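Peer 1: Structure supplied as query_11.txt; contents: compact mmCIF, C-alpha atoms.
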```txt
# COMPACT_ATOMS: atom_id res chain seq x y z
CA MET A 1 75.15 133.26 87.85
CA SER A 2 78.09 135.05 89.51
CA ALA A 3 80.04 131.76 89.78
CA PHE A 4 79.70 131.34 86.00
CA GLY A 5 80.81 134.94 85.49
CA SER A 6 83.82 134.44 87.78
CA THR A 7 84.76 131.17 86.04
CA TYR A 8 84.56 132.90 82.69
CA ALA A 9 86.71 135.74 84.07
CA VAL A 10 89.41 133.22 85.15
CA VAL A 11 89.46 131.68 81.65
CA ALA A 12 89.53 135.13 80.02
CA LYS A 13 92.39 136.16 82.32
CA ASP A 14 94.42 133.06 81.41
CA ILE A 15 93.79 133.48 77.67
CA ARG A 16 94.76 137.15 77.85
CA SER A 17 97.84 136.34 79.92
CA GLU A 18 98.82 133.60 77.44
CA TRP A 19 98.35 136.03 74.55
CA ARG A 20 100.74 138.51 76.22
CA THR A 21 103.39 136.10 77.50
CA ARG A 22 103.13 133.11 75.11
CA TYR A 23 104.02 131.10 78.22
CA ALA A 24 102.64 127.77 76.93
CA VAL A 25 101.39 128.05 73.36
CA ASN A 26 104.70 128.76 71.62
CA SER A 27 106.56 125.88 73.26
CA LEU A 28 103.63 123.50 72.70
CA LEU A 29 103.29 124.45 69.03
CA MET A 30 107.04 123.95 68.61
CA PHE A 31 106.72 120.56 70.28
CA VAL A 32 103.82 119.56 68.00
CA VAL A 33 105.69 120.61 64.83
CA THR A 34 108.86 118.78 65.93
CA ALA A 35 107.03 115.60 66.94
CA VAL A 36 104.99 115.42 63.70
CA SER A 37 108.15 116.06 61.66
CA ILE A 38 110.03 113.23 63.40
CA ILE A 39 107.12 110.85 62.85
CA LEU A 40 107.00 111.92 59.18
CA PHE A 41 110.71 111.14 58.73
CA ALA A 42 110.43 107.85 60.64
CA LEU A 43 107.52 106.61 58.53
CA ARG A 44 108.71 107.90 55.13
CA SER A 45 109.60 104.45 53.79
CA VAL A 46 106.47 102.62 54.99
CA ASP A 47 102.83 102.92 54.06
CA PRO A 48 101.26 103.52 57.49
CA ASN A 49 97.94 101.79 58.20
CA PRO A 50 95.09 103.35 60.30
CA GLU A 51 96.27 101.56 63.48
CA LEU A 52 99.76 103.05 63.20
CA LEU A 53 98.52 106.53 62.26
CA SER A 54 95.98 106.53 65.07
CA GLY A 55 98.66 105.47 67.55
CA MET A 56 101.06 108.16 66.35
CA LEU A 57 98.31 110.83 66.52
CA TRP A 58 97.51 110.02 70.13
CA VAL A 59 101.19 109.82 71.08
CA VAL A 60 101.57 113.47 70.02
CA ILE A 61 98.38 114.54 71.85
CA PHE A 62 99.51 112.55 74.92
CA PHE A 63 102.94 114.18 75.13
CA THR A 64 101.42 117.60 74.45
CA ALA A 65 99.22 117.10 77.53
CA MET A 66 102.19 115.79 79.52
CA SER A 67 104.39 118.78 78.64
CA GLY A 68 102.01 121.73 78.66
CA MET A 69 98.95 121.27 80.81
CA SER A 70 100.71 121.69 84.16
CA ARG A 71 101.45 125.34 83.42
CA VAL A 72 98.01 126.59 84.49
CA PHE A 73 98.93 126.13 88.13
CA VAL A 74 102.73 126.05 87.97
CA SER A 75 102.86 129.51 86.37
CA GLU A 76 100.63 130.96 89.14
CA GLU A 77 102.90 129.39 91.75
CA GLU A 78 106.12 130.59 90.10
CA ARG A 79 104.81 134.14 89.71
CA GLY A 80 103.50 134.24 93.27
CA THR A 81 99.93 134.96 92.17
CA THR A 82 98.34 131.90 93.80
CA LEU A 83 97.60 133.91 96.95
CA THR A 84 96.03 136.67 94.83
CA LEU A 85 93.66 134.18 93.21
CA GLN A 86 92.83 132.65 96.60
CA LEU A 87 91.76 136.09 97.80
CA VAL A 88 89.35 136.74 94.93
CA ALA A 89 87.75 133.41 94.05
CA THR A 90 86.42 130.22 95.57
CA PRO A 91 88.25 126.93 94.85
CA THR A 92 85.34 125.78 92.64
CA VAL A 93 85.63 128.85 90.42
CA ILE A 94 89.41 128.41 90.11
CA TYR A 95 89.15 124.69 89.33
CA PHE A 96 86.55 125.05 86.60
CA GLY A 97 88.30 128.13 85.17
CA LYS A 98 91.60 126.27 84.89
CA LEU A 99 89.88 123.13 83.55
CA LEU A 100 88.16 125.17 80.84
CA PHE A 101 91.42 126.90 79.88
CA ASN A 102 93.25 123.55 79.61
CA SER A 103 90.33 122.15 77.59
CA VAL A 104 90.44 125.08 75.14
CA LEU A 105 94.23 124.73 74.85
CA ILE A 106 94.27 120.98 74.17
CA LEU A 107 91.33 121.17 71.74
CA PHE A 108 93.14 123.92 69.82
CA LEU A 109 96.33 121.83 69.72
CA SER A 110 94.40 118.67 68.72
CA PHE A 111 92.92 120.66 65.83
CA ILE A 112 96.43 121.73 64.73
CA ILE A 113 97.76 118.16 65.07
CA THR A 114 94.82 116.79 63.02
CA ALA A 115 95.38 119.41 60.30
CA MET A 116 99.09 118.52 60.13
CA TYR A 117 98.32 114.80 59.86
CA MET A 118 95.81 115.44 57.08
CA ILE A 119 98.34 117.53 55.17
CA PHE A 120 101.44 115.36 55.62
CA PHE A 121 100.14 111.76 55.79
CA SER A 122 98.33 110.64 52.65
CA GLY A 123 96.93 107.58 54.46
CA PHE A 124 95.31 109.73 57.13
CA THR A 125 91.85 109.92 55.58
CA ILE A 126 88.98 110.41 57.98
CA GLN A 127 86.18 108.19 56.67
CA SER A 128 83.76 109.01 59.51
CA PRO A 129 84.17 112.69 60.48
CA GLY A 130 81.50 112.45 63.22
CA VAL A 131 83.25 109.53 64.94
CA TYR A 132 86.62 111.27 64.62
CA VAL A 133 85.43 114.58 66.10
CA ILE A 134 83.70 112.91 69.06
CA SER A 135 86.78 110.70 69.70
CA VAL A 136 89.25 113.57 69.69
CA VAL A 137 86.99 115.93 71.67
CA LEU A 138 86.15 113.36 74.40
CA GLY A 139 89.73 112.02 74.53
CA SER A 140 91.23 115.52 74.71
CA LEU A 141 88.77 116.61 77.42
CA GLY A 142 89.67 113.45 79.36
CA PHE A 143 93.34 114.43 79.09
CA ALA A 144 92.53 118.00 80.21
CA SER A 145 90.52 116.81 83.23
CA ALA A 146 93.29 114.51 84.51
CA SER A 147 96.06 116.99 83.71
CA THR A 148 94.35 119.87 85.54
CA ILE A 149 93.97 118.18 88.93
CA ILE A 150 97.46 116.64 88.80
CA ALA A 151 98.86 120.09 87.89
CA ALA A 152 97.16 121.55 90.98
CA ILE A 153 98.63 118.79 93.17
CA ILE A 154 102.22 119.10 91.91
CA ALA A 155 102.35 122.92 91.62
CA LYS A 156 103.39 123.35 95.26
CA THR A 157 106.08 120.65 95.19
CA ARG A 158 109.76 121.03 94.33
CA SER A 159 110.27 118.17 91.83
CA ARG A 160 107.27 119.17 89.72
CA GLY A 161 108.38 117.79 86.35
CA THR A 162 109.10 114.26 87.51
CA LEU A 163 106.10 114.06 89.79
CA TYR A 164 103.74 115.34 87.08
CA ALA A 165 104.77 112.63 84.61
CA VAL A 166 104.73 109.87 87.25
CA LEU A 167 101.26 110.77 88.56
CA LEU A 168 99.70 111.59 85.20
CA PHE A 169 100.84 108.62 83.11
CA PRO A 170 98.65 105.95 84.78
CA LEU A 171 95.64 108.28 84.69
CA LEU A 172 95.98 108.96 80.96
CA ILE A 173 96.23 105.30 79.91
CA ILE A 174 92.44 104.83 79.71
CA PRO A 175 91.60 107.82 77.44
CA LEU A 176 94.74 107.08 75.42
CA MET A 177 93.81 103.45 74.66
CA VAL A 178 90.12 104.13 74.06
CA GLY A 179 90.86 107.27 72.02
CA MET A 180 93.18 105.24 69.79
CA SER A 181 90.53 102.55 69.34
CA SER A 182 87.77 104.99 68.34
CA THR A 183 90.13 106.95 66.04
CA ILE A 184 90.95 103.71 64.16
CA LYS A 185 87.19 103.24 63.71
CA ALA A 186 86.90 106.81 62.33
CA LEU A 187 89.73 106.18 59.85
CA GLU A 188 88.19 102.85 58.77
CA GLY A 189 84.71 104.34 58.22
CA SER A 190 82.79 102.82 61.15
CA THR A 191 79.40 104.23 62.05
CA LEU A 192 78.59 106.18 65.24
CA SER A 193 76.78 103.17 66.71
CA GLU A 194 79.84 100.98 66.15
CA ALA A 195 81.99 103.43 68.13
CA LEU A 196 79.36 104.00 70.83
CA SER A 197 80.99 101.75 73.44
CA ASP A 198 84.25 103.73 73.13
CA PHE A 199 82.38 107.02 73.53
CA GLN A 200 80.63 105.69 76.64
CA VAL A 201 83.99 104.83 78.22
CA LEU A 202 85.48 108.24 77.33
CA ALA A 203 82.41 110.14 78.59
CA SER A 204 82.33 108.11 81.83
CA TYR A 205 86.04 108.72 82.38
CA LEU A 206 85.53 112.45 81.87
CA MET A 207 82.61 112.61 84.33
CA VAL A 208 84.44 110.60 87.00
CA MET A 209 87.61 112.68 86.65
CA VAL A 210 85.74 116.01 86.83
CA ALA A 211 83.58 114.92 89.79
CA GLY A 212 86.57 113.48 91.69
CA SER A 213 88.71 116.54 90.97
CA TYR A 214 85.92 118.89 92.07
CA LEU A 215 85.69 117.09 95.43
CA LEU A 216 89.47 116.96 95.88
CA PHE A 217 90.36 120.46 94.73
CA ASP A 218 89.34 122.28 97.95
CA TYR A 219 91.96 120.34 99.90
CA VAL A 220 94.63 120.76 97.24
CA TRP A 221 94.10 124.48 96.71
CA LYS A 222 93.93 125.58 100.34
CA GLU A 223 97.03 124.41 102.20
CA MET B 1 77.84 151.36 111.38
CA ASN B 2 77.44 147.59 110.89
CA SER B 3 78.16 145.00 113.58
CA PHE B 4 80.91 143.08 111.86
CA LYS B 5 82.86 140.72 114.11
CA LEU B 6 85.90 138.43 113.78
CA VAL B 7 85.99 135.51 116.21
CA VAL B 8 89.03 133.24 116.61
CA ARG B 9 88.74 130.11 118.74
CA ASP B 10 91.47 127.64 119.81
CA LEU B 11 93.59 128.41 116.78
CA THR B 12 96.56 126.08 116.34
CA LYS B 13 98.91 125.67 113.40
CA ASP B 14 101.51 122.95 112.92
CA PHE B 15 103.85 122.49 109.97
CA ASN B 16 104.86 118.85 109.79
CA ARG B 17 105.56 118.13 113.46
CA ARG B 18 106.55 121.66 114.40
CA SER B 19 104.04 123.72 116.28
CA ILE B 20 103.85 127.34 115.06
CA PHE B 21 101.31 128.61 117.59
CA ARG B 22 98.77 126.99 119.89
CA GLN B 23 95.23 127.73 121.01
CA LEU B 24 94.97 131.40 120.14
CA ALA B 25 91.61 132.94 120.94
CA PHE B 26 90.38 136.50 120.49
CA SER B 27 87.58 138.50 118.92
CA LEU B 28 87.56 141.87 117.16
CA THR B 29 84.72 144.20 116.23
CA VAL B 30 84.46 147.32 114.07
CA GLY B 31 86.85 149.97 115.39
CA ASP B 32 89.25 147.38 116.82
CA SER B 33 92.84 147.07 115.70
CA LEU B 34 95.30 144.28 116.46
CA ALA B 35 99.07 144.13 116.05
CA ILE B 36 100.66 140.70 115.61
CA THR B 37 104.32 140.87 116.56
CA GLY B 38 107.10 138.41 117.23
CA LYS B 39 110.54 137.42 116.03
CA ASN B 40 111.28 136.05 112.57
CA GLY B 41 109.75 132.59 112.19
CA SER B 42 107.23 133.10 114.99
CA GLY B 43 104.28 132.67 112.59
CA LYS B 44 103.06 136.25 111.97
CA SER B 45 102.53 135.72 108.23
CA THR B 46 101.02 132.28 108.82
CA LEU B 47 98.51 133.72 111.30
CA SER B 48 97.73 136.57 108.86
CA LYS B 49 96.98 134.08 106.07
CA ILE B 50 94.75 132.00 108.34
CA LEU B 51 92.82 135.11 109.43
CA ALA B 52 92.42 136.08 105.75
CA GLY B 53 90.96 132.64 105.03
CA VAL B 54 93.62 131.51 102.56
CA LEU B 55 95.35 128.98 104.82
CA SER B 56 93.68 126.27 106.89
CA PRO B 57 94.47 126.02 110.61
CA SER B 58 95.50 122.64 112.05
CA GLN B 59 92.85 123.12 114.74
CA GLY B 60 90.37 125.79 115.74
CA THR B 61 88.23 128.21 113.77
CA VAL B 62 88.23 131.69 112.26
CA GLU B 63 84.72 133.01 111.78
CA TYR B 64 83.34 136.30 110.48
CA PHE B 65 79.90 137.51 111.65
CA LEU B 66 77.75 140.26 110.15
CA ASP B 67 74.83 141.40 112.34
CA GLY B 68 75.20 138.19 114.36
CA VAL B 69 74.99 135.92 111.30
CA ARG B 70 78.03 133.80 110.43
CA ILE B 71 79.43 134.55 106.98
CA GLN B 72 79.90 131.42 104.87
CA GLU B 73 83.49 130.49 104.04
CA GLU B 74 82.92 131.14 100.31
CA GLN B 75 81.81 134.71 101.07
CA MET B 76 84.71 135.54 103.44
CA LYS B 77 86.85 136.72 100.52
CA ASP B 78 84.39 139.57 99.90
CA THR B 79 84.99 141.02 103.36
CA VAL B 80 88.77 140.85 103.69
CA GLY B 81 91.56 142.91 102.17
CA PHE B 82 95.10 141.59 102.42
CA VAL B 83 98.50 143.16 101.76
CA SER B 84 101.44 140.78 102.05
CA PRO B 85 104.97 140.26 100.73
CA TYR B 86 103.74 136.85 99.48
CA LEU B 87 101.07 138.44 97.30
CA ASN B 88 101.92 139.39 93.73
CA LEU B 89 99.86 140.95 90.97
CA TYR B 90 100.10 139.95 87.31
CA GLU B 91 103.23 141.50 85.80
CA GLU B 92 102.03 141.23 82.19
CA PHE B 93 98.99 143.42 82.94
CA SER B 94 98.83 147.12 83.81
CA ALA B 95 97.58 148.45 87.16
CA VAL B 96 94.15 149.18 85.66
CA GLU B 97 93.94 145.76 83.98
CA ASN B 98 94.93 143.98 87.19
CA LEU B 99 92.20 145.71 89.19
CA LYS B 100 89.62 145.13 86.46
CA ILE B 101 90.44 141.44 85.93
CA LEU B 102 90.55 140.68 89.65
CA SER B 103 87.23 142.52 90.17
CA GLN B 104 85.66 140.46 87.41
CA ILE B 105 86.88 137.24 89.01
CA ARG B 106 85.53 138.47 92.33
CA SER B 107 82.22 139.24 90.57
CA ASN B 108 82.13 142.88 91.54
CA LYS B 109 82.94 144.73 88.35
CA LYS B 110 80.65 147.55 89.46
CA ARG B 111 82.95 148.33 92.39
CA PHE B 112 85.88 148.45 89.96
CA GLU B 113 84.13 151.03 87.79
CA GLU B 114 83.27 153.12 90.84
CA ARG B 115 86.57 152.92 92.71
CA ALA B 116 89.51 151.93 90.50
CA ASP B 117 90.41 155.41 89.25
CA GLU B 118 90.06 156.91 92.73
CA LEU B 119 92.29 154.22 94.28
CA ILE B 120 94.97 154.36 91.59
CA ARG B 121 95.13 158.12 92.14
CA MET B 122 95.20 157.65 95.91
CA VAL B 123 98.20 155.29 95.77
CA GLY B 124 100.00 157.66 93.40
CA LEU B 125 100.13 155.40 90.32
CA TRP B 126 97.85 157.44 88.04
CA PRO B 127 100.63 158.61 85.64
CA ARG B 128 101.83 154.97 85.26
CA ARG B 129 98.41 153.29 85.33
CA ASP B 130 98.72 151.77 81.84
CA ASP B 131 102.30 150.46 82.21
CA PRO B 132 102.78 146.72 82.76
CA VAL B 133 103.30 145.96 86.44
CA GLY B 134 106.46 144.03 85.48
CA ILE B 135 108.33 147.31 84.97
CA TYR B 136 107.15 148.85 88.27
CA SER B 137 109.61 149.32 91.13
CA SER B 138 109.07 147.25 94.27
CA GLY B 139 107.58 150.31 96.02
CA MET B 140 105.09 150.88 93.18
CA LYS B 141 104.06 147.21 93.34
CA GLN B 142 103.49 147.61 97.08
CA ARG B 143 101.28 150.65 96.43
CA LEU B 144 99.26 148.70 93.86
CA LYS B 145 98.69 145.96 96.45
CA TYR B 146 96.92 148.59 98.58
CA ALA B 147 94.64 149.53 95.67
CA PHE B 148 93.84 145.84 95.17
CA ALA B 149 93.20 145.29 98.89
CA LEU B 150 90.88 148.29 99.21
CA LEU B 151 88.96 147.92 95.93
CA HIS B 152 86.01 146.02 97.45
CA GLU B 153 85.88 148.16 100.64
CA PRO B 154 86.73 145.30 103.02
CA GLN B 155 85.47 145.19 106.60
CA ILE B 156 88.76 143.56 107.68
CA LEU B 157 92.10 144.84 106.42
CA ILE B 158 95.13 142.65 107.16
CA LEU B 159 98.54 144.21 106.55
CA ASP B 160 101.60 141.96 106.69
CA GLU B 161 104.78 144.09 106.76
CA PRO B 162 102.74 147.14 105.68
CA THR B 163 105.50 149.58 104.79
CA SER B 164 108.06 147.28 103.15
CA ASN B 165 109.67 148.88 100.06
CA LEU B 166 107.78 152.15 100.54
CA ASP B 167 109.27 155.65 100.49
CA GLU B 168 108.22 158.42 102.86
CA GLU B 169 105.21 159.41 100.72
CA GLY B 170 104.16 155.74 100.56
CA MET B 171 104.38 155.49 104.36
CA GLU B 172 102.09 158.50 104.70
CA LEU B 173 99.66 156.76 102.35
CA VAL B 174 99.68 153.67 104.59
CA LYS B 175 99.06 155.80 107.70
CA GLU B 176 96.03 157.35 106.00
CA VAL B 177 94.71 153.90 105.00
CA VAL B 178 95.22 152.70 108.58
CA ARG B 179 93.42 155.73 110.01
CA ARG B 180 90.40 155.21 107.76
CA GLN B 181 90.25 151.45 108.39
CA LYS B 182 90.34 151.91 112.17
CA LYS B 183 87.35 154.20 111.83
CA ASN B 184 85.29 152.03 109.48
CA GLY B 185 86.32 148.42 110.08
CA ILE B 186 88.83 146.05 111.65
CA LEU B 187 92.59 146.47 111.19
CA ILE B 188 95.20 143.74 111.73
CA VAL B 189 98.91 144.52 111.30
CA ALA B 190 101.63 141.85 111.33
CA THR B 191 104.95 143.57 111.90
CA ASN B 192 108.34 143.58 113.57
CA ASP B 193 108.39 147.36 113.71
CA SER B 194 107.46 148.74 117.12
CA LEU B 195 106.19 152.01 115.62
CA GLU B 196 103.82 150.17 113.28
CA ALA B 197 102.63 148.01 116.19
CA LYS B 198 101.65 151.22 118.00
CA TRP B 199 99.03 151.95 115.33
CA CYS B 200 96.90 149.26 116.97
CA LYS B 201 95.00 149.18 120.27
CA LYS B 202 95.56 145.46 120.93
CA LYS B 203 98.66 143.32 120.56
CA ILE B 204 99.58 139.65 120.28
CA VAL B 205 103.22 138.62 120.69
CA LEU B 206 103.99 135.26 119.07
CA LYS B 207 106.86 133.26 120.53
CA VAL B 208 109.18 131.17 118.39
CA SER B 209 108.28 127.59 119.19
CA SER B 210 111.07 125.13 120.01
CA THR B 211 108.96 122.01 119.31
```
Before anything else, please render the file you have as structure tokens.
Peer 2:
Amino acid sequence: MSAFGSTYAVVAKDIRSEWRTRYAVNSLLMFVVTAVSIILFALRSVDPNPELLSGMLWVVIFFTAMSGMSRVFVSEEERGTTLTLQLVATPTVIYFGKLLFNSVLILFLSFIITAMYMIFFSGFTIQSPGVYVISVVLGSLGFASASTIIAAIIAKTRSRGTLYAVLLFPLLIIPLMVGMSSTIKALEGSTLSEALSDFQVLASYLMVMVAGSYLLFDYVWKE
Amino acid sequence: MNSFKLVVRDLTKDFNRRSIFRQLAFSLTVGDSLAITGKNGSGKSTLSKILAGVLSPSQGTVEYFLDGVRIQEEQMKDTVGFVSPYLNLYEEFSAVENLKILSQIRSNKKRFEERADELIRMVGLWPRRDDPVGIYSSGMKQRLKYAFALLHEPQILILDEPTSNLDEEGMELVKEVVRRQKKNGILIVATNDSLEAKWCKKKIVLKVSST
């Protein structure tokens, strides 16, 4: 029970810190607005089909994860508070706390991105809301799980930005491709059973990433 | 008085191919105090971090025992207090918020409720307790580190450069903390200052390694 309480306390600390400093949210929201605006201008003279819209949606979610998710560990390192956290919590508590915070952040941003697409793109009509929600939630959690462990690995290095993109890109290909595929199905009105194989891949990816990260994190966190 | 014990065996630390220290071995019990001294770069802070359980040694072990039973690695954090120049508290939170949040993460909120006010008063930050730590002076931040280190009543207190940034009143505070810790637990001080080293009964001098 105390491990759950400690994990919750780490998430609450990060949310409260984010609320005070706006360290990540403001820049990510600005990025989302800019990216959706550029896509809107680029596609103004064409009638985008579900494949194109799904691809563009996941491109924005992908780059949001690439640009913002590393901050959970990089900000601790830059502020010199990593040692403080090491003194009060076990690596497991820190890992799951940071994973949960990244999950909450990317789900919030995915919700904003979806709302913007629904407002600005007339062709973005979700025919199967259930399929869409499961696709975005599983895909976003997959992004959060990969981003969190890579963020922990690169936080102690000097060339963080480059290394983060290089290490993360191959890991995000699977949820990106499968997320796009299941989102097309949601826009075309497929049933849950028709999208089941995509959900199985996304859920398996999530479980493998979380289990692997959990085993690796001890070595990454403690020098 | 409990029978808390710190046992260090064959402790070695290398960074890349450079050896920092080799095969250190000692044990400390309640009432013991140890000064770690040596020139800059000799590994005082590194040894302090290893003893606090936040850095892994290249070889050897650091173990804590309570009544003869080895304390699991995950529980070691509940028995050690650490003050270090490498440790920072959250600048966007106040002194009270820092202690409360870190107690919650450590799962001992009860201790926070019992001790936070007393400790903030003790370190002289009561009038500024609700100000964000970001606007504190370096001496005030150092005082707050003592409140953080003592909040959970640790059996081992490790002080790395204990009086850095402190004024005369702050130094008196540290002497009082040292006096109490020597009575109730184990004290380890990593310092270059010969006067601070004299606070302790035992002493290790680390040599700067050439390899």
Peer 1: Could you list, with a cut-off of 7 Å and counting all atoms listed in the file, the residues of chain B near chain A, each shown with its nearest atom pair and the distance in Å rounded to one decimal, rows sorted by chain and ascending number, as a tab-separated table?
Peer 2:
```
residue	atom	partner	partner_atom	distance
B:Val54	CA	A:Gln86	CA	6.1
B:Leu55	CA	A:Glu223	CA	5.5
B:Ser56	CA	A:Glu223	CA	6.1
B:Glu74	CA	A:Thr90	CA	6.0
B:Lys77	CA	A:Leu87	CA	5.6
B:Tyr86	CA	A:Gly80	CA	6.7
B:Leu87	CA	A:Leu83	CA	5.7
B:Asn88	CA	A:Thr81	CA	5.1
B:Leu89	CA	A:Thr81	CA	6.1
B:Tyr90	CA	A:Thr81	CA	7.0
B:Glu92	CA	A:Arg20	CA	6.7
B:Ile101	CA	A:Lys13	CA	6.7
B:Leu102	CA	A:Val88	CA	6.7
B:Gln104	CA	A:Ala9	CA	5.9
B:Ile105	CA	A:Ser6	CA	4.3
B:Arg106	CA	A:Val88	CA	4.9
B:Ser107	CA	A:Ser6	CA	5.8
```
Peer 1: In Å, how far is it from atom CA of Tyr132 of chain A to atom CA of Thr183 of chain A?
Peer 2: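 Here the two named atoms are 5.7 Å from each other.
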Peer 1: How many Å lie between atom CA of Lys201 of chain B and atom CA of Ser33 of chain B, rounded to one decimal?
Peer 2: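 It comes out at 5.5 Å.
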Peer 1: Between B:Val83, B:Met122, B:Leu144, B:Ala95, single out the one closest to Pro162 of chain B, counting only C-alpha atoms.
Peer 2: B:Val83
Peer 1: Tell me, as a PyMOL selection string, which residues lie within 10 Å of Asp117 of chain B, counting all atoms listed in the file; anything in the same chain fewer than 2 positions away does not count.
Peer 2: chain B and resi 96+99+112-115+119-122+125-126+129+147
Peer 1: Between B:Ser48, B:Ser27, B:Gln142, B:Ser84, which is the closest to Gly124 of chain B once you count all atoms listed in the file?
Peer 2: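 When distances to Gly124 of chain B are compared using all atoms listed in the file, the smallest one comes from B:Gln142.
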Peer 1: In file coordinates, which residues lie within 12 Å of (106.3, 116.6, 88.0) using only C-alpha atoms, given as number ranges by chain?
Peer 2: A: 66-71, 74, 147, 150-169
Peer 1: If you measure from atom CA of Gly43 of chain B to atom CA of Glu161 of chain B, what distance in Å do you get, rounded to one decimal?
Peer 2: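 Distance reported for this atom pair: 12.8 Å.
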Peer 1: Name all residues at most 10 Å from Phe124 of chain A (count only C-alpha atoms; drop same-chain ones fewer than 2 positions away) and give them as a list in words.
Peer 2: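 Listed by chain and then number, they are Pro48, Asn49, Pro50, Leu53, Ser54, Leu57, Thr114, Tyr117, Met118, Ile119, Phe120, Phe121, Ser122, Ile126, Gln127 and Leu187 of chain A.
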Peer 1: Around (97.3, 137.4, 105.5), as given in the file, which residues come within 6 Å? Count all atoms listed in the file and list them as a list in words.
Peer 2: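 Final list of nearby residues, as requested, is Ser48, Lys49, Ala52, Phe82 and Ile158 of chain B.
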Peer 1: Suppose we keep C-alpha atoms; can you now write the selection as a PDB file, keeping the file's coordinate frame?
Peer 2:
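After the write, again.pdb holds the following:
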```pdb
ATOM      1  CA  SER B  48      97.730 136.570 108.860  1.00  0.00           C
ATOM      2  CA  LYS B  49      96.980 134.080 106.070  1.00  0.00           C
ATOM      3  CA  ALA B  52      92.420 136.080 105.750  1.00  0.00           C
ATOM      4  CA  PHE B  82      95.100 141.590 102.420  1.00  0.00           C
ATOM      5  CA  ILE B 158      95.130 142.650 107.160  1.00  0.00           C
TER       6      ILE B 158
END
```
Peer 1: B:Arg128, B:Lys141, B:Lys198, B:Lys183: which is nearest Val30 of chain B, counting only C-alpha atoms?
Peer 2: B:Lys183
Peer 1: Take segment 97-108 of chain B, model N, CA, C and O atoms, and hand the result over as an mmCIF file, in the coordinates of the input.
Peer 2:
```cif
data_model
loop_
_atom_site.group_PDB
_atom_site.id
_atom_site.type_symbol
_atom_site.label_atom_id
_atom_site.label_comp_id
_atom_site.auth_asym_id
_atom_site.auth_seq_id
_atom_site.Cartn_x
_atom_site.Cartn_y
_atom_site.Cartn_z
ATOM 1 N N GLU B 97 94.365 147.102 84.410
ATOM 2 C CA GLU B 97 93.940 145.760 83.980
ATOM 3 C C GLU B 97 93.907 144.791 85.158
ATOM 4 O O GLU B 97 92.979 143.983 85.287
ATOM 5 N N ASN B 98 94.917 144.857 86.019
ATOM 6 C CA ASN B 98 94.930 143.980 87.190
ATOM 7 C C ASN B 98 93.685 144.169 88.039
ATOM 8 O O ASN B 98 93.018 143.191 88.408
ATOM 9 N N LEU B 99 93.363 145.437 88.327
ATOM 10 C CA LEU B 99 92.200 145.710 89.190
ATOM 11 C C LEU B 99 90.906 145.268 88.504
ATOM 12 O O LEU B 99 90.013 144.698 89.134
ATOM 13 N N LYS B 100 90.825 145.495 87.190
ATOM 14 C CA LYS B 100 89.620 145.130 86.460
ATOM 15 C C LYS B 100 89.445 143.615 86.410
ATOM 16 O O LYS B 100 88.359 143.090 86.713
ATOM 17 N N ILE B 101 90.515 142.907 86.048
ATOM 18 C CA ILE B 101 90.440 141.440 85.930
ATOM 19 C C ILE B 101 90.110 140.812 87.285
ATOM 20 O O ILE B 101 89.247 139.932 87.391
ATOM 21 N N LEU B 102 90.784 141.280 88.333
ATOM 22 C CA LEU B 102 90.550 140.680 89.650
ATOM 23 C C LEU B 102 89.147 141.017 90.179
ATOM 24 O O LEU B 102 88.535 140.208 90.871
ATOM 25 N N SER B 103 88.624 142.187 89.802
ATOM 26 C CA SER B 103 87.230 142.520 90.170
ATOM 27 C C SER B 103 86.256 141.619 89.451
ATOM 28 O O SER B 103 85.246 141.199 90.011
ATOM 29 N N GLN B 104 86.553 141.347 88.176
ATOM 30 C CA GLN B 104 85.660 140.460 87.410
ATOM 31 C C GLN B 104 85.652 139.059 88.008
ATOM 32 O O GLN B 104 84.610 138.431 88.125
ATOM 33 N N ILE B 105 86.827 138.578 88.403
ATOM 34 C CA ILE B 105 86.880 137.240 89.010
ATOM 35 C C ILE B 105 86.127 137.246 90.342
ATOM 36 O O ILE B 105 85.439 136.302 90.696
ATOM 37 N N ARG B 106 86.235 138.363 91.055
ATOM 38 C CA ARG B 106 85.530 138.470 92.330
ATOM 39 C C ARG B 106 84.043 138.756 92.148
ATOM 40 O O ARG B 106 83.287 138.810 93.116
ATOM 41 N N SER B 107 83.625 138.955 90.919
ATOM 42 C CA SER B 107 82.220 139.240 90.570
ATOM 43 C C SER B 107 81.746 140.574 91.106
ATOM 44 O O SER B 107 80.597 140.716 91.507
ATOM 45 N N ASN B 108 82.620 141.544 91.176
ATOM 46 C CA ASN B 108 82.130 142.880 91.540
ATOM 47 C C ASN B 108 82.728 143.949 90.630
ATOM 48 O O ASN B 108 83.418 144.846 91.068
#
```
